[in-house]
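Listing of protein-v3.pdb, PDB, C-alpha atoms
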ATOM      1  CA  MET A   1     -49.224  -1.942 -41.530  1.00  0.00           C
ATOM      2  CA  ASP A   2     -48.684  -4.984 -43.520  1.00  0.00           C
ATOM      3  CA  ILE A   3     -46.060  -7.627 -42.914  1.00  0.00           C
ATOM      4  CA  ILE A   4     -43.516  -6.313 -45.461  1.00  0.00           C
ATOM      5  CA  GLN A   5     -43.657  -2.795 -43.992  1.00  0.00           C
ATOM      6  CA  LYS A   6     -43.180  -4.190 -40.456  1.00  0.00           C
ATOM      7  CA  ASN A   7     -40.131  -6.198 -41.569  1.00  0.00           C
ATOM      8  CA  LYS A   8     -38.550  -3.124 -43.191  1.00  0.00           C
ATOM      9  CA  VAL A   9     -38.948  -1.099 -39.984  1.00  0.00           C
ATOM     10  CA  LEU A  10     -37.537  -3.979 -37.936  1.00  0.00           C
ATOM     11  CA  VAL A  11     -34.543  -4.420 -40.283  1.00  0.00           C
ATOM     12  CA  TRP A  12     -33.754  -0.673 -40.198  1.00  0.00           C
ATOM     13  CA  THR A  13     -34.010  -0.621 -36.392  1.00  0.00           C
ATOM     14  CA  ILE A  14     -31.605  -3.540 -36.119  1.00  0.00           C
ATOM     15  CA  VAL A  15     -29.148  -1.911 -38.569  1.00  0.00           C
ATOM     16  CA  VAL A  16     -29.230   1.377 -36.615  1.00  0.00           C
ATOM     17  CA  LEU A  17     -28.678  -0.451 -33.296  1.00  0.00           C
ATOM     18  CA  ILE A  18     -25.742  -2.419 -34.728  1.00  0.00           C
ATOM     19  CA  LEU A  19     -24.164   0.794 -36.048  1.00  0.00           C
ATOM     20  CA  LEU A  20     -24.620   2.488 -32.654  1.00  0.00           C
ATOM     21  CA  ASN A  21     -23.001  -0.488 -30.916  1.00  0.00           C
ATOM     22  CA  LEU A  22     -20.044  -0.478 -33.300  1.00  0.00           C
ATOM     23  CA  MET A  23     -19.582   3.273 -32.830  1.00  0.00           C
ATOM     24  CA  SER A  24     -19.639   3.018 -29.025  1.00  0.00           C
ATOM     25  CA  ILE A  25     -17.234   0.067 -29.016  1.00  0.00           C
ATOM     26  CA  GLY A  26     -14.927   1.971 -31.386  1.00  0.00           C
ATOM     27  CA  THR A  27     -15.046   5.046 -29.151  1.00  0.00           C
ATOM     28  CA  PHE A  28     -14.060   3.035 -26.084  1.00  0.00           C
ATOM     29  CA  TRP A  29     -11.401   1.081 -27.954  1.00  0.00           C
ATOM     30  CA  PHE A  30      -9.694   4.081 -29.559  1.00  0.00           C
ATOM     31  CA  GLY A  31      -9.980   6.109 -26.352  1.00  0.00           C
ATOM     32  CA  PHE A  32      -8.314   3.280 -24.438  1.00  0.00           C
ATOM     33  CA  LEU A  33      -5.471   3.034 -26.949  1.00  0.00           C
ATOM     34  CA  ARG A  34      -4.875   6.779 -26.986  1.00  0.00           C
ATOM     35  CA  HIS A  35      -4.893   7.442 -23.244  1.00  0.00           C
ATOM     36  CA  SER A  36      -2.677   5.334 -21.007  1.00  0.00           C
ATOM     37  CA  PRO A  37      -2.819   6.091 -17.284  1.00  0.00           C
ATOM     38  CA  PRO A  38      -0.093   8.585 -16.324  1.00  0.00           C
ATOM     39  CA  GLU A  39       1.077   6.627 -13.256  1.00  0.00           C
ATOM     40  CA  ARG A  40       0.865   3.236 -14.933  1.00  0.00           C
ATOM     41  CA  ASP A  41       4.564   2.373 -14.787  1.00  0.00           C
ATOM     42  CA  MET A  42       4.858   3.690 -11.218  1.00  0.00           C
ATOM     43  CA  ARG A  43       3.178   0.520  -9.958  1.00  0.00           C
ATOM     44  CA  PHE A  44       6.199  -1.483 -10.966  1.00  0.00           C
ATOM     45  CA  HIS A  45       8.588   0.620  -8.878  1.00  0.00           C
ATOM     46  CA  GLY A  46       8.661   0.624  -5.117  1.00  0.00           C
ATOM     47  CA  PRO A  47       7.308   3.494  -3.036  1.00  0.00           C
ATOM     48  CA  GLU A  48      10.870   4.587  -2.336  1.00  0.00           C
ATOM     49  CA  GLU A  49      11.403   5.224  -6.070  1.00  0.00           C
ATOM     50  CA  MET A  50       8.281   7.368  -6.156  1.00  0.00           C
ATOM     51  CA  MET A  51       9.439   9.218  -3.026  1.00  0.00           C
ATOM     52  CA  MET A  52      12.848   9.882  -4.559  1.00  0.00           C
ATOM     53  CA  ARG A  53      11.235  11.353  -7.680  1.00  0.00           C
ATOM     54  CA  GLU A  54       8.725  13.493  -5.810  1.00  0.00           C
ATOM     55  CA  ILE A  55      11.304  14.899  -3.405  1.00  0.00           C
ATOM     56  CA  GLY A  56      13.903  15.300  -6.151  1.00  0.00           C
ATOM     57  CA  LEU A  57      16.799  13.450  -4.569  1.00  0.00           C
ATOM     58  CA  SER A  58      20.253  13.332  -6.104  1.00  0.00           C
ATOM     59  CA  GLU A  59      21.963   9.997  -6.752  1.00  0.00           C
ATOM     60  CA  GLU A  60      24.060  10.410  -3.605  1.00  0.00           C
ATOM     61  CA  GLN A  61      20.983  11.174  -1.512  1.00  0.00           C
ATOM     62  CA  ALA A  62      19.133   8.208  -3.026  1.00  0.00           C
ATOM     63  CA  LEU A  63      21.969   5.861  -2.062  1.00  0.00           C
ATOM     64  CA  SER A  64      22.001   7.279   1.475  1.00  0.00           C
ATOM     65  CA  PHE A  65      18.219   6.879   1.677  1.00  0.00           C
ATOM     66  CA  LYS A  66      18.433   3.245   0.589  1.00  0.00           C
ATOM     67  CA  LYS A  67      21.247   2.489   3.035  1.00  0.00           C
ATOM     68  CA  GLU A  68      19.311   4.130   5.885  1.00  0.00           C
ATOM     69  CA  GLN A  69      16.197   2.203   4.883  1.00  0.00           C
ATOM     70  CA  GLN A  70      18.038  -1.146   4.905  1.00  0.00           C
ATOM     71  CA  ASN A  71      19.518  -0.437   8.339  1.00  0.00           C
ATOM     72  CA  HIS A  72      16.100   0.544   9.634  1.00  0.00           C
ATOM     73  CA  PHE A  73      14.410  -2.584   8.270  1.00  0.00           C
ATOM     74  CA  GLU A  74      17.057  -4.819   9.816  1.00  0.00           C
ATOM     75  CA  SER A  75      16.678  -3.226  13.251  1.00  0.00           C
ATOM     76  CA  VAL A  76      12.865  -3.289  13.177  1.00  0.00           C
ATOM     77  CA  ARG A  77      12.800  -6.852  11.813  1.00  0.00           C
ATOM     78  CA  SER A  78      14.571  -8.205  14.914  1.00  0.00           C
ATOM     79  CA  ILE A  79      12.107  -6.372  17.167  1.00  0.00           C
ATOM     80  CA  MET A  80       9.096  -7.674  15.243  1.00  0.00           C
ATOM     81  CA  ASP A  81      10.548 -11.188  15.423  1.00  0.00           C
ATOM     82  CA  SER A  82      10.665 -10.784  19.207  1.00  0.00           C
ATOM     83  CA  VAL A  83       7.025  -9.649  19.223  1.00  0.00           C
ATOM     84  CA  ARG A  84       6.011 -12.706  17.173  1.00  0.00           C
ATOM     85  CA  SER A  85       7.910 -14.963  19.576  1.00  0.00           C
ATOM     86  CA  ILE A  86       6.133 -13.422  22.569  1.00  0.00           C
ATOM     87  CA  LYS A  87       2.750 -13.844  20.874  1.00  0.00           C
ATOM     88  CA  ARG A  88       3.544 -17.516  20.296  1.00  0.00           C
ATOM     89  CA  GLU A  89       4.289 -17.831  24.027  1.00  0.00           C
ATOM     90  CA  VAL A  90       0.982 -16.130  24.878  1.00  0.00           C
ATOM     91  CA  PHE A  91      -0.985 -18.523  22.698  1.00  0.00           C
ATOM     92  CA  ALA A  92       0.973 -21.477  24.054  1.00  0.00           C
ATOM     93  CA  LEU A  93      -0.136 -20.345  27.537  1.00  0.00           C
ATOM     94  CA  LEU A  94      -3.703 -20.223  26.286  1.00  0.00           C
ATOM     95  CA  ILE A  95      -3.451 -23.932  25.533  1.00  0.00           C
ATOM     96  CA  ALA A  96      -1.333 -25.056  28.502  1.00  0.00           C
ATOM     97  CA  HIS A  97      -2.447 -22.706  31.314  1.00  0.00           C
ATOM     98  CA  PRO A  98      -5.481 -20.647  30.262  1.00  0.00           C
ATOM     99  CA  ASP A  99      -5.951 -19.236  33.798  1.00  0.00           C
ATOM    100  CA  ASP A 100      -2.418 -17.824  34.239  1.00  0.00           C
ATOM    101  CA  SER A 101      -3.358 -14.182  33.701  1.00  0.00           C
ATOM    102  CA  VAL A 102      -0.284 -12.837  35.531  1.00  0.00           C
ATOM    103  CA  LYS A 103       2.160 -14.458  33.112  1.00  0.00           C
ATOM    104  CA  VAL A 104      -0.004 -13.378  30.141  1.00  0.00           C
ATOM    105  CA  ALA A 105       0.012  -9.783  31.405  1.00  0.00           C
ATOM    106  CA  ILE A 106       3.816  -9.863  31.750  1.00  0.00           C
ATOM    107  CA  LEU A 107       4.232 -11.233  28.224  1.00  0.00           C
ATOM    108  CA  LEU A 108       1.813  -8.694  26.767  1.00  0.00           C
ATOM    109  CA  GLN A 109       3.681  -5.872  28.495  1.00  0.00           C
ATOM    110  CA  ARG A 110       6.962  -7.147  27.000  1.00  0.00           C
ATOM    111  CA  SER A 111       5.304  -7.222  23.594  1.00  0.00           C
ATOM    112  CA  ALA A 112       4.032  -3.661  24.057  1.00  0.00           C
ATOM    113  CA  ASP A 113       7.515  -2.519  25.096  1.00  0.00           C
ATOM    114  CA  PHE A 114       8.970  -3.992  21.902  1.00  0.00           C
ATOM    115  CA  LEU A 115       6.286  -2.264  19.802  1.00  0.00           C
ATOM    116  CA  ILE A 116       7.052   1.051  21.505  1.00  0.00           C
ATOM    117  CA  GLU A 117      10.728   0.523  20.684  1.00  0.00           C
ATOM    118  CA  ALA A 118       9.841  -0.196  17.041  1.00  0.00           C
ATOM    119  CA  ASP A 119       7.825   3.033  16.848  1.00  0.00           C
ATOM    120  CA  ARG A 120      10.700   4.959  18.426  1.00  0.00           C
ATOM    121  CA  LEU A 121      13.072   3.511  15.807  1.00  0.00           C
ATOM    122  CA  ARG A 122      10.648   4.476  13.016  1.00  0.00           C
ATOM    123  CA  TYR A 123      10.529   8.025  14.327  1.00  0.00           C
ATOM    124  CA  GLN A 124      14.336   8.197  14.467  1.00  0.00           C
ATOM    125  CA  HIS A 125      14.452   6.716  10.959  1.00  0.00           C
ATOM    126  CA  PHE A 126      12.275   9.503   9.572  1.00  0.00           C
ATOM    127  CA  ILE A 127      14.386  12.104  11.377  1.00  0.00           C
ATOM    128  CA  ALA A 128      17.510  10.599   9.765  1.00  0.00           C
ATOM    129  CA  LEU A 129      15.827  10.612   6.329  1.00  0.00           C
ATOM    130  CA  ARG A 130      14.733  14.218   6.810  1.00  0.00           C
ATOM    131  CA  LYS A 131      18.319  15.228   7.684  1.00  0.00           C
ATOM    132  CA  LEU A 132      19.497  13.846   4.336  1.00  0.00           C
ATOM    133  CA  CYS A 133      17.293  16.373   2.503  1.00  0.00           C
ATOM    134  CA  LYS A 134      18.447  19.789   1.367  1.00  0.00           C
ATOM    135  CA  PRO A 135      16.456  22.758   2.744  1.00  0.00           C
ATOM    136  CA  GLU A 136      14.563  23.183  -0.553  1.00  0.00           C
ATOM    137  CA  GLN A 137      13.526  19.500  -0.458  1.00  0.00           C
ATOM    138  CA  LEU A 138      12.067  19.559   3.062  1.00  0.00           C
ATOM    139  CA  LYS A 139       8.622  20.820   1.988  1.00  0.00           C
ATOM    140  CA  ALA A 140       8.288  18.025  -0.581  1.00  0.00           C
ATOM    141  CA  PHE A 141       9.540  15.469   1.973  1.00  0.00           C
ATOM    142  CA  ASP A 142       7.052  16.614   4.625  1.00  0.00           C
ATOM    143  CA  ARG A 143       4.178  16.694   2.113  1.00  0.00           C
ATOM    144  CA  PHE A 144       5.067  13.200   0.848  1.00  0.00           C
ATOM    145  CA  PHE A 145       5.049  11.659   4.325  1.00  0.00           C
ATOM    146  CA  LEU A 146       1.889  13.470   5.435  1.00  0.00           C
ATOM    147  CA  ASP A 147       0.139  12.231   2.278  1.00  0.00           C
ATOM    148  CA  MET A 148       1.471   8.732   2.919  1.00  0.00           C
ATOM    149  CA  VAL A 149       0.104   8.738   6.477  1.00  0.00           C
ATOM    150  CA  ASP A 150      -3.240  10.229   5.396  1.00  0.00           C
ATOM    151  CA  ASN A 151      -3.673   7.653   2.614  1.00  0.00           C
ATOM    152  CA  MET A 152      -2.626   4.642   4.660  1.00  0.00           C
ATOM    153  CA  PRO A 153      -5.513   2.156   4.568  1.00  0.00           C
ATOM    154  CA  PRO A 154      -6.696   0.602   7.823  1.00  0.00           C
ATOM    155  CA  PRO A 155      -5.827  -3.067   8.322  1.00  0.00           C
ATOM    156  CA  LYS A 156      -8.301  -5.425   6.720  1.00  0.00           C
ATOM    157  CA  PRO A 157     -10.347  -7.563   9.086  1.00  0.00           C
ATOM    158  CA  GLY A 158      -9.567 -11.242   8.852  1.00  0.00           C
ATOM    159  CA  ILE A 159      -6.028 -10.657   7.572  1.00  0.00           C
ATOM    160  CA  PHE A 160      -3.085 -11.633   9.764  1.00  0.00           C
ATOM    161  CA  ASN A 161       0.494 -11.219   8.596  1.00  0.00           C
ATOM    162  CA  GLY A 162      -0.670 -10.869   5.002  1.00  0.00           C
ATOM    163  CA  LYS A 163      -2.500 -14.203   5.131  1.00  0.00           C
ATOM    164  CA  LYS A 164      -6.167 -14.967   5.549  1.00  0.00           C
ATOM    165  CA  PHE A 165      -6.944 -15.688   9.204  1.00  0.00           C
ATOM    166  CA  GLN A 166      -9.658 -18.248   9.832  1.00  0.00           C
TER     167      GLN A 166
END
Mind turning this structure into structure tokens?
Amino acid sequence: MDIIQKNKVLVWTIVVLILLNLMSIGTFWFGFLRHSPPERDMRFHGPEEMMMREIGLSEEQALSFKKEQQNHFESVRSIMDSVRSIKREVFALLIAHPDDSVKVAILLQRSADFLIEADRLRYQHFIALRKLCKPEQLKAFDRFFLDMVDNMPPPKPGIFNGKKFQ
């Protein structure tokens, strides 16, 4: 093959490759524009909004759910504040009296008691939410919460209170 023939083959190969690239980019671009994710706007609403839609709550039920949720968060927040305070005391003991294992054990037991109380309140909260549902909504409610528990990710290592722990 002479030089002119080689150049023609090379030019045609480059033209074909450019056309293939443009076609694949066009396919991705037009496919992206045509298909938006179905749950895209759900990210901007809280999980309670999604729960209310999936269970099919009325406006009155939704208001009761939100009121119950606010009451629950307030009661659990005070308990979790107590747990944080106890943990501060435990770490203060680590610095001041690292060998005082009796006092540490007492503080840790108090912390565990508060956490048990928080779990008890959560359980009562879900019972109260379930009572707000109509009989035909109970299946959807149960399925929603079982899915929520099954899909709950484990805590990430190195993360403490939503902040990086070093």
Exercise. Name the residues within 12 Å of (8.3, -4.8, 19.9), counting all atoms listed in the file in the file's coordinates, and put them as a PyMOL selection string.
Key: chain A and resi 75-87+107-122
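The smallest atom-to-atom distance between Gln61 of chain A and any of A:Leu19, A:Leu138, A:Val11, A:Cys133, using all atoms listed in the file, is found for A:Cys133.
With all atoms listed in the file taken into account, the protein and nucleic acid residues at most 12 Å from Asp142 of chain A (excluding it and anything under 3 positions from it in its own chain) are A:Met51, A:Glu54, A:Ile55, A:Phe126, A:Ile127, A:Leu129, A:Arg130, A:Lys131, A:Cys133, A:Pro135, A:Glu136, A:Gln137, A:Leu138, A:Lys139, A:Phe145, A:Leu146, A:Asp147, A:Met148, A:Val149.
Atom CA of His125 of chain A is found 15.9 Å from atom CA of Met52 of chain A.
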Quiz item: Suppose you want the space between atom CA of Asn71 of chain A and atom CA of Met152 of chain A; what is it in Å?
Solution: 23.0 Å
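Put simply, atom CA of Leu17 of chain A is 22.9 Å away from atom CA of Asp2 of chain A.
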